[in-house]
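Some notes on the structure that comes next.
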Amino acid sequence: MATQSEAGAISAGTRRTTRMLLNQIFGPLLQILYFVIGSAVILGTIVILLAFLLQGTRSDINLLQGTLIILPQVIVDSLVRGFLYAMIALGYTMVYGVLEFINFAHGEIFMVGAFVVAGFGLMLNSAGILGDFPGILFVIISVLLGAAVSGILAVSVERVAYRPLRNSPKLVLLISTIGMSLVLQDLVRIIATSTPLGFNARVLTPDLGSAIRLATLPNPGGNDINVIIDARSMIFILASIVMLIFLNYLVNVTRVGKAMRAVAQDRPTASLMGINVNNIIALTFLVGGALGGAAGVLFGIRVQAINPYVGFLPGLKAFTAAVLGGIGNITGAMVGGIVLGFLEAFVASYLSLFTAGAFAGANYADIAAFSILIIILIFKPEGLLGEATVQKV
Amino acid sequence: MATSESKTPFATGSNPSNPFLQGPALYALVTAYLVVVPILAIGNMMSNPRPSLIADILFLGLLGSFLVLHKAPVSMTYKGVAAAILLGAVLPFFGTFNQFYMDVMIQIAMFCVLATGLNVVVGFAGLLDLGYIAFYAVGAYTWAIVSTGQANNFISGGHFPLGPEWFFVFLPITLVVGAIFGVLLGLPVLRLKGDYLAIVTLGFGEVIRVLLTNLDRPINITNGAQGIKDIGQPPLFLNPIFNAFGLDLNRAQTVQLHFYVLVAVILLTMLLVVYRLSVSRIGRAWTAIREDETAAIAMGIPLVRMKLLAFVTGASFAGAMGMVFAAKQTFVNPPTFDLIRSINILAMVILGGMGSIPGVLLGAALVTLLNLQILPRITAELEARTNLPSTLDPAQYQRLIFGLMLVLMTIFRPQGLLPEERRKEELHGVVPPDPADIPTKPDDDSAPSSSSPTGSGGSGA
């Protein structure tokens, strides 16, 4: 949250110019765009170079051609993963910014969002109106619904399990969040298995449109390459961008946003300035939870098959993303999510191609993510955009 | 905290006014318990060796003897002799009647080792390790790979599978392997602060599990998701002794008794090591690190080395126990070592009391009993009496129960059931020592926080 601190310099009475407003809302998105382009260019160059070097090691296929053919698809996949992690990472980073602890239950808040859309789809289906339901309306309603449920859930969890422990040692609080994560997993499992949803819930959606062809690249060796993006991925990316804009508006422009930043900077002083700290903390959980829930809805719509444990791994990786970007820094969380998404998608797609199938890339993508976490924590613990902190004694 | 202390039913040591709880009366009472309960339990087993509700309760009473012994203010000699008789004769004899109870006892001892190991890391040094099960997995897979033909896939010469006599060679080896992995993980991450450490160790645990699942290609090392079966068991080295006593045991009973002895020996060794460490200079260094890292550095404590030592102590015993586990189950596969197991062990430590050795033993026993015996028993009794749908089967609520346990313990009794003295003071240091504050509801946080200098100021409440 520190990069936007210049906004705090403006006194409450000053009118912002339109330019400043746009800068505050879209500045972070511009930064994301730089990182998207940067990651795509750097990683793309690396894989093409690797393919060039390893050309000829595989007799069955032309490695360079194979690399180029899947590259656009890998970038689309990277974007989807990146925005997924970015949205979940925001929840971690906002809570960390305000309370300085890791909310392990956040992955479960995300999972609840996915179950909300599964339940909503099932309800429409049993009412017999799912097929005729307009796709856009379905997405909007389910995102709002998922955000509301997850946001309220996050606030309740904070109220019940974290607030009584606010002055306890960090270790104790951390254990409470782990416990809460398990409780939520099992509660959702019980609800899912005792309703028609089932443990492995399918997310039923109306027809969301077919794949969109973005471009056609000429291929000298054979058929032209179509760069396509399926509608669900498209929805994911667009909806994420809309929500990130909203978040930037909330945090950087509005009065409560300023209060949130103040609480993150210095809780006791913020409370002396007349900010209701407890309410702001609850609001932080509400916003973080709502973003996580919305991400869960979009994730559910995209993957279409979920279970109560789907939140764990994305949650863990989103935390990695938050650390990568600099924990406590909102723009950092978005950027970290994007970078992590790119790295992971490239490892998942190209590892087995380059090792002739010896290592299944999809499985090693997780390892890549955690290796990044460890490397970042060792060499640059403040993250890509974070500021180094000095511990005062 | 004086009021809450005197309310505790077992805190008899601080209450000398009660005539039943001192002198000969006390010894008579404790001895009576230690004689009557085993006689009842074994008598019940002799008449009907099948598990039943009565047998379960008597079994719990039998295990409760250790708690009675720990809590009763009797002399150390008495405690030692009684515990030795219980461990060396009563429990194994009881176990020969029924394999299920024997298995529960072995598993309790195994989890006691794991919980004690994690306690060194979490309780003594204050480092939250959520990937503890990874070391256990490493030990288990080490023995699994060398005691089956699996190792022939990457070590040429066809020396494998190794015979059972190699078990005792590999016990120290897995100890070292666990330690090496502890160093490998510890060196890069121990410079991190508490919550980062938690997530990195969690990631490490997942990485190990993913590797175990996927290392069947390009070279088949772990046999992937199918796991490794027909793992070698230790040699039945105690058979001459059993024969000398003229015991008539079948094969399964013999194997179980061997594991019982093995696990008990490892547990006692570990308890000795950990106890000696905790009262040594190293143990005090760990406490200092836990309480205040910065102050510990200022006092000249080599931070990384001490943290590493805590990590390695925990990891090495977990490695050795993993090997025993693999030999006992004769089958390992990656899902055995998932996060929920790490959390399970953490729940044992939290339940019993971080930093308290008797506490984590109690926690390990309670959680294992809950998992293996109490929940299945409740399920069986419920199913016999009501037509409960199988989705509401209490034995499936593990996550919910352990999650709730963690949350409730941290809120209401963060010091654990059998707390360590220093930890108790530490956790209550932030609450004003006013007795009127003690019964305060935990959701009413305005009172404690407003009087604490680090609090949120209470302006919002």
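Residue numbering restarts at 1 for every chain of the structure tokens, chains are lettered A, B, ... in their displayed order, and ligands are numbered from 1 as they appear.
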Show me which bits of chain A are within 8 Å of chain B, counting only C-alpha atoms, as a tab-separated table (two decimals) with N, CA, C and O atoms, in the first residue's frame.
```tsv
chain	number	residue	atom	x	y	z
A	101	PHE	N	-0.57	-10.38	9.62
A	101	PHE	CA	-0.51	-11.83	9.74
A	101	PHE	C	-1.06	-12.46	8.47
A	101	PHE	O	-1.77	-11.82	7.71
A	102	ILE	N	-0.69	-13.72	8.26
A	102	ILE	CA	-1.14	-14.43	7.06
A	102	ILE	C	-2.46	-15.11	7.38
A	102	ILE	O	-2.55	-15.89	8.31
A	159	ARG	N	-14.21	-11.81	12.92
A	159	ARG	CA	-14.88	-11.46	14.17
A	159	ARG	C	-14.76	-12.61	15.19
A	159	ARG	O	-14.48	-12.40	16.36
A	160	VAL	N	-15.00	-13.84	14.69
A	160	VAL	CA	-15.08	-14.99	15.60
A	160	VAL	C	-13.69	-15.48	16.00
A	160	VAL	O	-13.42	-15.71	17.17
A	161	ALA	N	-12.81	-15.63	15.01
A	161	ALA	CA	-11.58	-16.37	15.28
A	161	ALA	C	-10.34	-15.50	15.41
A	161	ALA	O	-9.38	-15.93	16.02
A	163	ARG	N	-10.31	-11.73	15.92
A	163	ARG	CA	-10.34	-10.53	16.76
A	163	ARG	C	-10.01	-10.82	18.23
A	163	ARG	O	-9.27	-10.05	18.85
A	164	PRO	N	-10.52	-11.94	18.78
A	164	PRO	CA	-10.15	-12.21	20.18
A	164	PRO	C	-8.65	-12.41	20.38
A	164	PRO	O	-8.18	-12.34	21.51
A	165	LEU	N	-7.95	-12.66	19.30
A	165	LEU	CA	-6.53	-12.98	19.43
A	165	LEU	C	-5.63	-11.84	18.98
A	165	LEU	O	-4.44	-12.03	18.78
A	166	ARG	N	-6.22	-10.66	18.81
A	166	ARG	CA	-5.45	-9.60	18.16
A	166	ARG	C	-4.19	-9.25	18.94
A	166	ARG	O	-3.19	-8.84	18.37
A	167	ASN	N	-4.22	-9.42	20.25
A	167	ASN	CA	-3.03	-9.06	21.03
A	167	ASN	C	-2.19	-10.26	21.41
A	167	ASN	O	-1.27	-10.15	22.19
A	168	SER	N	-2.53	-11.42	20.87
A	168	SER	CA	-1.76	-12.63	21.18
A	168	SER	C	-0.50	-12.67	20.34
A	168	SER	O	-0.38	-11.94	19.36
A	169	PRO	N	0.44	-13.54	20.71
A	169	PRO	CA	1.62	-13.72	19.85
A	169	PRO	C	1.20	-14.15	18.44
A	169	PRO	O	0.15	-14.79	18.27
A	170	LYS	N	2.01	-13.77	17.47
A	170	LYS	CA	1.69	-14.04	16.07
A	170	LYS	C	1.47	-15.52	15.79
A	170	LYS	O	0.57	-15.90	15.03
A	171	LEU	N	2.28	-16.35	16.41
A	171	LEU	CA	2.20	-17.79	16.20
A	171	LEU	C	0.80	-18.31	16.53
A	171	LEU	O	0.22	-19.10	15.79
A	172	VAL	N	0.23	-17.82	17.63
A	172	VAL	CA	-1.08	-18.28	18.08
A	172	VAL	C	-2.15	-17.89	17.06
A	172	VAL	O	-3.01	-18.69	16.69
A	173	LEU	N	-2.04	-16.66	16.58
A	173	LEU	CA	-3.01	-16.17	15.60
A	173	LEU	C	-2.93	-16.99	14.30
A	173	LEU	O	-3.95	-17.37	13.72
A	174	LEU	N	-1.71	-17.28	13.91
A	174	LEU	CA	-1.48	-18.05	12.69
A	174	LEU	C	-2.14	-19.43	12.81
A	174	LEU	O	-2.78	-19.93	11.87
A	175	ILE	N	-2.01	-20.04	13.98
A	175	ILE	CA	-2.60	-21.36	14.20
A	175	ILE	C	-4.11	-21.28	14.13
A	175	ILE	O	-4.78	-22.16	13.58
A	176	SER	N	-4.66	-20.20	14.65
A	176	SER	CA	-6.10	-20.01	14.57
A	176	SER	C	-6.57	-19.91	13.13
A	176	SER	O	-7.61	-20.48	12.76
A	177	THR	N	-5.80	-19.24	12.28
A	177	THR	CA	-6.22	-19.12	10.87
A	177	THR	C	-6.15	-20.48	10.19
A	177	THR	O	-6.99	-20.80	9.35
A	178	ILE	N	-5.15	-21.30	10.56
A	178	ILE	CA	-5.06	-22.64	9.98
A	178	ILE	C	-6.28	-23.46	10.39
A	178	ILE	O	-6.91	-24.13	9.57
A	179	GLY	N	-6.62	-23.36	11.67
A	179	GLY	CA	-7.79	-24.07	12.16
A	179	GLY	C	-9.04	-23.64	11.42
A	179	GLY	O	-9.86	-24.47	11.00
A	180	MET	N	-9.19	-22.33	11.23
A	180	MET	CA	-10.37	-21.81	10.54
A	180	MET	C	-10.44	-22.34	9.12
A	180	MET	O	-11.53	-22.64	8.61
A	181	SER	N	-9.28	-22.45	8.49
A	181	SER	CA	-9.24	-22.96	7.12
A	181	SER	C	-9.79	-24.38	7.07
A	181	SER	O	-10.60	-24.73	6.20
A	182	LEU	N	-9.38	-25.22	8.03
A	182	LEU	CA	-9.87	-26.59	8.05
A	182	LEU	C	-11.37	-26.63	8.32
A	182	LEU	O	-12.11	-27.39	7.70
A	183	VAL	N	-11.81	-25.78	9.24
A	183	VAL	CA	-13.24	-25.75	9.58
A	183	VAL	C	-14.06	-25.41	8.34
A	183	VAL	O	-15.06	-26.07	8.03
A	184	LEU	N	-13.60	-24.39	7.60
A	184	LEU	CA	-14.37	-23.97	6.42
A	184	LEU	C	-14.39	-25.09	5.37
A	184	LEU	O	-15.43	-25.35	4.76
A	185	GLN	N	-13.25	-25.74	5.18
A	185	GLN	CA	-13.21	-26.83	4.19
A	185	GLN	C	-14.25	-27.89	4.52
A	185	GLN	O	-15.01	-28.33	3.67
A	186	ASP	N	-14.28	-28.27	5.80
A	186	ASP	CA	-15.18	-29.35	6.16
A	186	ASP	C	-16.63	-28.90	6.17
A	186	ASP	O	-17.52	-29.66	5.80
A	187	LEU	N	-16.88	-27.66	6.57
A	187	LEU	CA	-18.26	-27.18	6.56
A	187	LEU	C	-18.79	-27.19	5.13
A	187	LEU	O	-19.91	-27.66	4.87
A	190	ILE	N	-19.49	-30.69	4.08
A	190	ILE	CA	-20.73	-31.24	4.64
A	190	ILE	C	-21.93	-30.68	3.88
A	190	ILE	O	-22.84	-31.41	3.49
A	193	THR	N	-21.97	-32.25	0.30
A	193	THR	CA	-22.35	-33.67	0.18
A	193	THR	C	-23.77	-33.93	0.64
A	193	THR	O	-24.36	-34.93	0.27
A	194	SER	N	-24.32	-33.03	1.46
A	194	SER	CA	-25.70	-33.30	1.87
A	194	SER	C	-26.72	-32.54	1.01
A	194	SER	O	-27.89	-32.52	1.31
A	267	ARG	N	-1.48	1.68	13.10
A	267	ARG	CA	-2.81	1.45	13.68
A	267	ARG	C	-3.11	2.37	14.87
A	267	ARG	O	-4.16	3.01	14.89
A	268	PRO	N	-2.22	2.45	15.86
A	268	PRO	CA	-2.56	3.31	17.01
A	268	PRO	C	-2.78	4.76	16.60
A	268	PRO	O	-3.72	5.41	17.06
A	271	SER	N	-6.04	5.32	14.95
A	271	SER	CA	-7.16	5.34	15.89
A	271	SER	C	-7.20	6.68	16.63
A	271	SER	O	-8.27	7.18	16.96
A	272	LEU	N	-6.04	7.29	16.85
A	272	LEU	CA	-6.03	8.62	17.48
A	272	LEU	C	-6.63	9.67	16.56
A	272	LEU	O	-7.14	10.68	17.01
A	274	GLY	N	-9.18	9.39	14.92
A	274	GLY	CA	-10.62	9.24	14.85
A	274	GLY	C	-11.08	8.19	13.87
A	274	GLY	O	-12.25	8.14	13.50
A	275	ILE	N	-10.19	7.35	13.41
A	275	ILE	CA	-10.61	6.27	12.51
A	275	ILE	C	-11.05	5.09	13.37
A	275	ILE	O	-10.34	4.69	14.30
A	276	ASN	N	-12.20	4.54	13.05
A	276	ASN	CA	-12.68	3.38	13.78
A	276	ASN	C	-11.91	2.15	13.28
A	276	ASN	O	-12.23	1.58	12.24
A	277	VAL	N	-10.88	1.77	14.03
A	277	VAL	CA	-9.96	0.77	13.54
A	277	VAL	C	-10.66	-0.58	13.33
A	277	VAL	O	-10.46	-1.24	12.32
A	278	ASN	N	-11.50	-0.95	14.29
A	278	ASN	CA	-12.18	-2.24	14.14
A	278	ASN	C	-13.03	-2.29	12.88
A	278	ASN	O	-13.05	-3.30	12.18
A	279	ASN	N	-13.73	-1.20	12.59
A	279	ASN	CA	-14.55	-1.19	11.37
A	279	ASN	C	-13.69	-1.27	10.13
A	279	ASN	O	-14.05	-1.95	9.16
A	316	LEU	N	-2.29	-20.96	-1.61
A	316	LEU	CA	-0.87	-21.00	-1.30
A	316	LEU	C	-0.06	-20.23	-2.35
A	316	LEU	O	0.85	-19.46	-2.04
A	358	ALA	N	9.86	-36.35	-20.18
A	358	ALA	CA	10.39	-37.00	-18.99
A	358	ALA	C	9.81	-36.39	-17.72
A	358	ALA	O	9.56	-37.08	-16.75
A	359	PHE	N	9.60	-35.09	-17.73
A	359	PHE	CA	8.99	-34.44	-16.58
A	359	PHE	C	7.65	-33.87	-17.01
A	359	PHE	O	7.59	-33.08	-17.95
A	360	ALA	N	6.59	-34.28	-16.32
A	360	ALA	CA	5.28	-33.74	-16.66
A	360	ALA	C	5.21	-32.32	-16.13
A	360	ALA	O	5.27	-32.11	-14.92
A	363	ASN	N	2.80	-30.96	-13.26
A	363	ASN	CA	3.08	-31.31	-11.87
A	363	ASN	C	4.22	-30.48	-11.31
A	363	ASN	O	4.25	-30.18	-10.13
A	364	TYR	N	5.16	-30.14	-12.18
A	364	TYR	CA	6.33	-29.43	-11.68
A	364	TYR	C	6.08	-27.93	-11.60
A	364	TYR	O	6.90	-27.20	-11.06
A	366	ASP	N	3.92	-26.54	-9.76
A	366	ASP	CA	3.78	-26.23	-8.34
A	366	ASP	C	5.14	-26.06	-7.70
A	366	ASP	O	5.38	-25.14	-6.91
A	367	ILE	N	6.04	-26.96	-8.06
A	367	ILE	CA	7.38	-26.88	-7.51
A	367	ILE	C	8.05	-25.59	-7.94
A	367	ILE	O	8.72	-24.93	-7.14
A	370	PHE	N	6.84	-22.72	-5.74
A	370	PHE	CA	7.41	-22.67	-4.39
A	370	PHE	C	8.89	-22.34	-4.42
A	370	PHE	O	9.40	-21.69	-3.50
A	373	LEU	N	9.09	-18.77	-4.52
A	373	LEU	CA	8.83	-18.21	-3.20
A	373	LEU	C	10.08	-18.23	-2.34
A	373	LEU	O	10.47	-17.24	-1.73
A	374	ILE	N	10.73	-19.39	-2.32
A	374	ILE	CA	11.91	-19.52	-1.46
A	374	ILE	C	13.02	-18.59	-1.94
A	374	ILE	O	13.66	-17.89	-1.14
A	377	LEU	N	12.21	-15.01	-1.08
A	377	LEU	CA	12.33	-14.72	0.35
A	377	LEU	C	13.78	-14.64	0.78
A	377	LEU	O	14.11	-13.93	1.72
A	378	ILE	N	14.64	-15.39	0.10
A	378	ILE	CA	16.04	-15.35	0.51
A	378	ILE	C	16.73	-14.11	-0.04
A	378	ILE	O	17.44	-13.42	0.69
A	393	VAL	N	13.95	-1.55	17.38
A	393	VAL	CA	13.97	-2.24	18.67
A	393	VAL	C	13.60	-1.25	19.77
A	393	VAL	O	14.13	-0.16	19.79
```
Which polymer residues have any atom within 12 Å of an atom of Arg284 in chain B, counting only C-alpha atoms, with same-chain residues fewer than 4 positions away left out, as a PyMOL selection string?
-> chain B and resi 124-125+275-280+288-291+296+299+301+306+310+355+422
Output of the above residues as a PDB file, in the first residue's frame, restricted to C-alpha atoms:
```
ATOM      1  CA  PHE B 124      10.827 -24.621  22.160  1.00  0.00           C
ATOM      2  CA  ALA B 125      12.172 -22.493  19.340  1.00  0.00           C
ATOM      3  CA  TYR B 275      14.456 -33.275  27.944  1.00  0.00           C
ATOM      4  CA  ARG B 276      18.211 -32.988  28.357  1.00  0.00           C
ATOM      5  CA  LEU B 277      18.318 -30.504  25.464  1.00  0.00           C
ATOM      6  CA  SER B 278      15.509 -28.419  26.894  1.00  0.00           C
ATOM      7  CA  VAL B 279      17.239 -27.906  30.226  1.00  0.00           C
ATOM      8  CA  SER B 280      20.621 -27.311  28.626  1.00  0.00           C
ATOM      9  CA  ALA B 288      15.317 -16.900  24.261  1.00  0.00           C
ATOM     10  CA  ILE B 289      14.817 -16.991  20.482  1.00  0.00           C
ATOM     11  CA  ARG B 290      11.165 -17.792  20.920  1.00  0.00           C
ATOM     12  CA  GLU B 291      10.566 -14.961  23.342  1.00  0.00           C
ATOM     13  CA  ALA B 296      18.512 -13.174  21.765  1.00  0.00           C
ATOM     14  CA  MET B 299      22.741 -11.688  24.041  1.00  0.00           C
ATOM     15  CA  ILE B 301      23.013 -16.402  20.760  1.00  0.00           C
ATOM     16  CA  MET B 306      20.295 -22.611  17.136  1.00  0.00           C
ATOM     17  CA  ALA B 310      15.916 -27.204  16.584  1.00  0.00           C
ATOM     18  CA  GLY B 355       6.808 -26.311  24.862  1.00  0.00           C
ATOM     19  CA  ARG B 422       7.017 -20.108  31.258  1.00  0.00           C
TER      20      ARG B 422
END
```
Members of range 75-279 of chain A assigned strand (DSSP E) by DSSP, as a ChimeraX atom specification | /A:201-202,212-217,225-229
Which of range 31-218 of chain A DSSP labels helix (DSSP H, G or I), written as a ChimeraX atom specification = /A:31-54,63-99,106-126,135-165,170-193
Range 231-248 of chain A: which residues within 6 Å, counting only C-alpha atoms, same-chain residues fewer than 4 positions away excluded, as JSON, numbers by chain?
-> {"A": [25, 209, 210, 211, 252, 298, 302]}
Kindly export the residues of the current selection with all heavy atoms, as a JSON list (two decimals), in the first residue's frame.
```
[["chain", "number", "residue", "atom", "x", "y", "z"],
["A", 25, "ILE", "N", -6.37, 5.64, -10.27],
["A", 25, "ILE", "CA", -7.14, 4.44, -10.54],
["A", 25, "ILE", "C", -6.43, 3.53, -11.54],
["A", 25, "ILE", "O", -6.36, 2.33, -11.36],
["A", 25, "ILE", "CB", -8.55, 4.81, -11.06],
["A", 25, "ILE", "CG1", -9.28, 5.63, -10.00],
["A", 25, "ILE", "CG2", -9.36, 3.55, -11.37],
["A", 25, "ILE", "CD1", -10.60, 6.16, -10.46],
["A", 209, "GLY", "N", -20.96, -18.50, -24.89],
["A", 209, "GLY", "CA", -20.36, -18.09, -26.16],
["A", 209, "GLY", "C", -19.20, -18.99, -26.50],
["A", 209, "GLY", "O", -18.60, -19.63, -25.64],
["A", 210, "SER", "N", -18.88, -19.04, -27.76],
["A", 210, "SER", "CA", -17.81, -19.94, -28.20],
["A", 210, "SER", "C", -16.48, -19.19, -28.18],
["A", 210, "SER", "O", -16.40, -18.03, -27.84],
["A", 210, "SER", "CB", -18.12, -20.44, -29.61],
["A", 210, "SER", "OG", -18.40, -19.35, -30.44],
["A", 211, "ALA", "N", -15.44, -19.92, -28.53],
["A", 211, "ALA", "CA", -14.10, -19.34, -28.49],
["A", 211, "ALA", "C", -13.98, -18.20, -29.49],
["A", 211, "ALA", "O", -14.61, -18.19, -30.54],
["A", 211, "ALA", "CB", -13.08, -20.41, -28.80],
["A", 252, "ASN", "N", -7.59, 4.02, -3.32],
["A", 252, "ASN", "CA", -6.78, 5.22, -3.57],
["A", 252, "ASN", "C", -7.58, 6.50, -3.60],
["A", 252, "ASN", "O", -7.01, 7.58, -3.44],
["A", 252, "ASN", "CB", -6.03, 5.08, -4.90],
["A", 252, "ASN", "CG", -5.00, 3.99, -4.84],
["A", 252, "ASN", "OD1", -4.54, 3.63, -3.76],
["A", 252, "ASN", "ND2", -4.64, 3.45, -5.98],
["A", 298, "LEU", "N", -15.32, -16.84, -10.72],
["A", 298, "LEU", "CA", -14.77, -16.87, -12.09],
["A", 298, "LEU", "C", -13.99, -18.17, -12.32],
["A", 298, "LEU", "O", -14.06, -18.77, -13.41],
["A", 298, "LEU", "CB", -13.86, -15.66, -12.30],
["A", 298, "LEU", "CG", -14.59, -14.31, -12.25],
["A", 298, "LEU", "CD1", -13.60, -13.18, -12.23],
["A", 298, "LEU", "CD2", -15.53, -14.18, -13.44],
["A", 302, "ARG", "N", -14.80, -21.08, -15.01],
["A", 302, "ARG", "CA", -13.81, -21.48, -16.01],
["A", 302, "ARG", "C", -13.50, -22.97, -15.93],
["A", 302, "ARG", "O", -13.46, -23.65, -16.95],
["A", 302, "ARG", "CB", -12.53, -20.67, -15.83],
["A", 302, "ARG", "CG", -11.51, -21.02, -16.89],
["A", 302, "ARG", "CD", -10.47, -19.99, -17.09],
["A", 302, "ARG", "NE", -9.55, -20.44, -18.13],
["A", 302, "ARG", "CZ", -8.52, -21.23, -17.88],
["A", 302, "ARG", "NH1", -8.30, -21.66, -16.66],
["A", 302, "ARG", "NH2", -7.72, -21.61, -18.87]]
```
Would you kindly return, as number ranges by chain, each protein, DNA or RNA residue with an atom no farther than 10 Å from any atom of Met123 in chain A, considering only C-alpha atoms and excluding same-chain residues fewer than 6 positions away?
-> A: 117, 129-130, 196-197, 204
Polymer residues at most 12 Å from Gly119 in chain A, only C-alpha atoms, same-chain spacing of 5 or more positions, as a list in words | Val112, Gly113, Ala114, Leu124, Asn125, Ser126, Ser142, Leu145, Gly146, Val188, Ile191, Ala192, Thr195, Pro196, Leu197, Gly198, Ala201, Arg202, Val203, Leu204, Thr205, Val297, Gly300, Ile301 and Ile306 of chain A
Straight-line distance linking CA of Met46 in chain B with CA of Val367 in chain B, stated in Å to one decimal |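 If I compute the distance from CA of Met46 in chain B to CA of Val367 in chain B, I get 27.7 Å.
Distances to Phe259 in chain B were evaluated for B:Ala380, B:Ala82, B:Ile374, B:Met323 using only C-alpha atoms, and the minimum falls at B:Met323.
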For the atom pair CA of Ile75 in chain A and CA of Leu144 in chain A, what is the interatomic distance in Å to one decimal place?
-> 27.9 Å
Residue contacts of Val177 in chain B (12 Å, only C-alpha atoms) excluding same-chain residues fewer than 4 positions away, as number ranges by chain = B: 134-143, 170-173, 181-184, 312-313, 315-323
Take the residues from that selection and write them out as a short mmCIF file (atom, residue, chain, number, x, y, z; two decimals), in the first residue's frame, keeping C-alpha atoms.
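Here's the written file selection-v5.cif:
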```
data_model
loop_
_atom_site.label_atom_id
_atom_site.label_comp_id
_atom_site.auth_asym_id
_atom_site.auth_seq_id
_atom_site.Cartn_x
_atom_site.Cartn_y
_atom_site.Cartn_z
CA ALA B 134 7.86 -34.17 4.83
CA PHE B 135 10.71 -35.43 7.02
CA TYR B 136 8.57 -38.37 8.05
CA ALA B 137 7.89 -39.05 4.37
CA VAL B 138 11.58 -38.90 3.55
CA GLY B 139 12.40 -41.46 6.24
CA ALA B 140 9.54 -43.72 5.18
CA TYR B 141 10.49 -43.63 1.52
CA THR B 142 14.17 -44.20 2.25
CA TRP B 143 13.43 -47.54 3.87
CA PHE B 170 18.99 -47.93 8.32
CA LEU B 171 17.45 -46.68 11.54
CA PRO B 172 20.41 -44.35 12.18
CA ILE B 173 20.67 -43.68 8.43
CA PHE B 181 16.68 -32.66 4.83
CA GLY B 182 16.19 -30.52 7.91
CA VAL B 183 19.41 -28.67 7.11
CA LEU B 184 18.51 -28.43 3.42
CA VAL B 312 17.35 -30.83 12.71
CA THR B 313 16.41 -32.39 16.05
CA ALA B 315 13.47 -33.60 11.49
CA SER B 316 15.83 -36.43 12.38
CA PHE B 317 13.43 -38.15 14.77
CA ALA B 318 10.63 -37.70 12.26
CA GLY B 319 12.83 -39.41 9.65
CA ALA B 320 13.51 -42.40 11.88
CA MET B 321 9.87 -42.66 12.85
CA GLY B 322 8.91 -42.51 9.19
CA MET B 323 11.04 -45.57 8.59
#
```
Find, counting only C-alpha atoms, the residue in A:Ala348, A:Ile327, A:Phe354, A:Pro206 that gets nearest to Leu122 in chain A.
->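 Nearest to Leu122 in chain A: A:Pro206.
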Quick one, how far is CA of Phe331 in chain B from CA of Asp230 in chain B?
->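 Separation between CA of Phe331 in chain B and CA of Asp230 in chain B: 6.3 Å.
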Among listed residues B:Thr330, B:Thr31, B:Thr386, B:Thr379, nearest Ala83 in chain B (using only C-alpha atoms) =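 Ranking B:Thr330, B:Thr31, B:Thr386, B:Thr379 by distance to Ala83 in chain B, first place goes to B:Thr31.
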